[in-house]
Every structure is written in C-alpha cells, then in structure tokens.
>>> print(open('entry20.pdb').read())   # PDB, C-alpha atoms, pLDDT in the B column
ATOM      1  CA  MET A 827     -43.838-150.108  88.830  1.00 67.00           C
ATOM      2  CA  ALA A 828     -46.605-152.668  89.150  1.00 95.00           C
ATOM      3  CA  ARG A 829     -44.739-154.466  91.954  1.00 94.00           C
ATOM      4  CA  ILE A 830     -44.297-151.212  93.865  1.00 95.00           C
ATOM      5  CA  GLU A 831     -48.016-150.433  93.694  1.00 96.00           C
ATOM      6  CA  TYR A 832     -48.850-154.003  94.689  1.00 97.00           C
ATOM      7  CA  LEU A 833     -46.607-153.756  97.761  1.00 97.00           C
ATOM      8  CA  LYS A 834     -48.135-150.424  98.782  1.00 97.00           C
ATOM      9  CA  GLN A 835     -51.607-151.949  98.563  1.00 97.00           C
ATOM     10  CA  GLN A 836     -50.560-155.008 100.564  1.00 98.00           C
ATOM     11  CA  ILE A 837     -48.991-152.843 103.280  1.00 97.00           C
ATOM     12  CA  ALA A 838     -52.147-150.755 103.601  1.00 98.00           C
ATOM     13  CA  ARG A 839     -54.391-153.824 103.646  1.00 98.00           C
ATOM     14  CA  ALA A 840     -52.291-155.699 106.211  1.00 98.00           C
ATOM     15  CA  GLU A 841     -52.076-152.691 108.532  1.00 97.00           C
ATOM     16  CA  ARG A 842     -55.810-152.025 108.253  1.00 97.00           C
ATOM     17  CA  LEU A 843     -56.624-155.659 109.055  1.00 97.00           C
ATOM     18  CA  ALA A 844     -54.115-155.769 111.925  1.00 96.00           C
ATOM     19  CA  LYS A 845     -55.893-152.850 113.577  1.00 95.00           C
ATOM     20  CA  ALA A 846     -59.353-154.345 113.104  1.00 96.00           C
ATOM     21  CA  ILE A 847     -58.686-157.962 114.057  1.00 94.00           C
ATOM     22  CA  LEU A 848     -59.209-159.192 117.601  1.00 94.00           C
ATOM     23  CA  ASP A 849     -56.838-162.171 117.459  1.00 96.00           C
ATOM     24  CA  ARG A 850     -53.467-160.888 118.697  1.00 96.00           C
ATOM     25  CA  GLN A 851     -51.379-163.577 116.985  1.00 97.00           C
ATOM     26  CA  THR A 852     -52.950-162.869 113.608  1.00 97.00           C
ATOM     27  CA  ALA A 853     -52.475-159.131 114.119  1.00 97.00           C
ATOM     28  CA  VAL A 854     -48.774-159.680 114.844  1.00 97.00           C
ATOM     29  CA  GLN A 855     -48.407-161.833 111.722  1.00 98.00           C
ATOM     30  CA  LEU A 856     -50.103-159.174 109.613  1.00 98.00           C
ATOM     31  CA  GLN A 857     -47.787-156.515 111.023  1.00 98.00           C
ATOM     32  CA  ALA A 858     -44.792-158.729 110.243  1.00 98.00           C
ATOM     33  CA  PHE A 859     -46.037-159.195 106.685  1.00 98.00           C
ATOM     34  CA  ALA A 860     -46.434-155.428 106.321  1.00 98.00           C
ATOM     35  CA  ALA A 861     -42.853-154.976 107.555  1.00 98.00           C
ATOM     36  CA  GLU A 862     -41.570-157.498 104.989  1.00 98.00           C
ATOM     37  CA  CYS A 863     -43.451-155.700 102.225  1.00 98.00           C
ATOM     38  CA  ARG A 864     -42.105-152.365 103.438  1.00 98.00           C
ATOM     39  CA  ALA A 865     -38.537-153.708 103.324  1.00 98.00           C
ATOM     40  CA  GLU A 866     -38.987-154.991  99.763  1.00 97.00           C
ATOM     41  CA  LEU A 867     -40.614-151.707  98.768  1.00 97.00           C
ATOM     42  CA  SER A 868     -37.625-149.834 100.167  1.00 96.00           C
ATOM     43  CA  VAL A 869     -35.223-151.921  98.079  1.00 96.00           C
ATOM     44  CA  LEU A 870     -37.268-151.468  94.912  1.00 94.00           C
ATOM     45  CA  THR A 871     -37.699-147.707  95.314  1.00 93.00           C
ATOM     46  CA  HIS A 872     -33.998-147.323  96.110  1.00 91.00           C
ATOM     47  CA  ARG A 873     -33.105-149.194  92.885  1.00 88.00           C
ATOM     48  CA  ALA A 874     -35.554-147.095  90.879  1.00 84.00           C
ATOM     49  CA  ALA A 875     -34.001-143.888  92.197  1.00 87.00           C
ATOM     50  CA  ALA A 876     -30.461-145.002  91.323  1.00 80.00           C
TER
END
>>> encode(input="entry20.pdb", output="structure tokens")
Amino acid sequence: MARIEYLKQQIARAERLAKAILDRQTAVQLQAFAAECRAELSVLTHRAAA
C-alpha cells in the first residue's frame, strides 16, 4: 500500500508543478512522469484487486 500512496502523491505533485511551471519542456517531462506513475499505479491496483 505504501507504494500506491507514494505514486498518488507523485502524480498530484507532478501535475500541479506542470500547470504552474512556465518552461514548456519541463512541463511536458512532468506530465510524462505523471503518466508513467499512473501506469504503474494502474498495474498495482489491478494486482491488489485480483
């Protein structure tokens, strides 16, 4: 469960920063990181439900 909570926090933080940052390249990288975290979160929650 700790990993799931960590990923949720990272997703929220990355998305918040991506919206606030002025540098477009950094914003895109943050959004990509959030997407990677979301994909891992999906795998972990799917395993937990099974």
>>> resolve_selection(input="entry20.pdb", expression="the PyMOL selection byres ((chain A and resi 870) around 12)", output="number ranges by chain")
A: 827-834, 863-869, 871-876
>>> residues_around(input="entry20.pdb", residues="stretch 854-856 of chain A", least_positions_apart="4", cutoff="7 Å", atoms="only C-alpha atoms", output="MDAnalysis selection string")
chainID A and resid 840:841 844 850 860
>>> atom_distance(input="entry20.pdb", atom1="atom CA of A:Gln836", atom2="atom CA of A:Phe859")
8.7 Å
>>> axis_aligned_box(input="entry20.pdb", around="stretch 861-869 of chain A", padding_each_side="6 Å", output="AutoDock Vina command-line options")
--center_x -39.3 --center_y -153.7 --center_z 102.8 --size_x 20.2 --size_y 19.7 --size_z 21.5
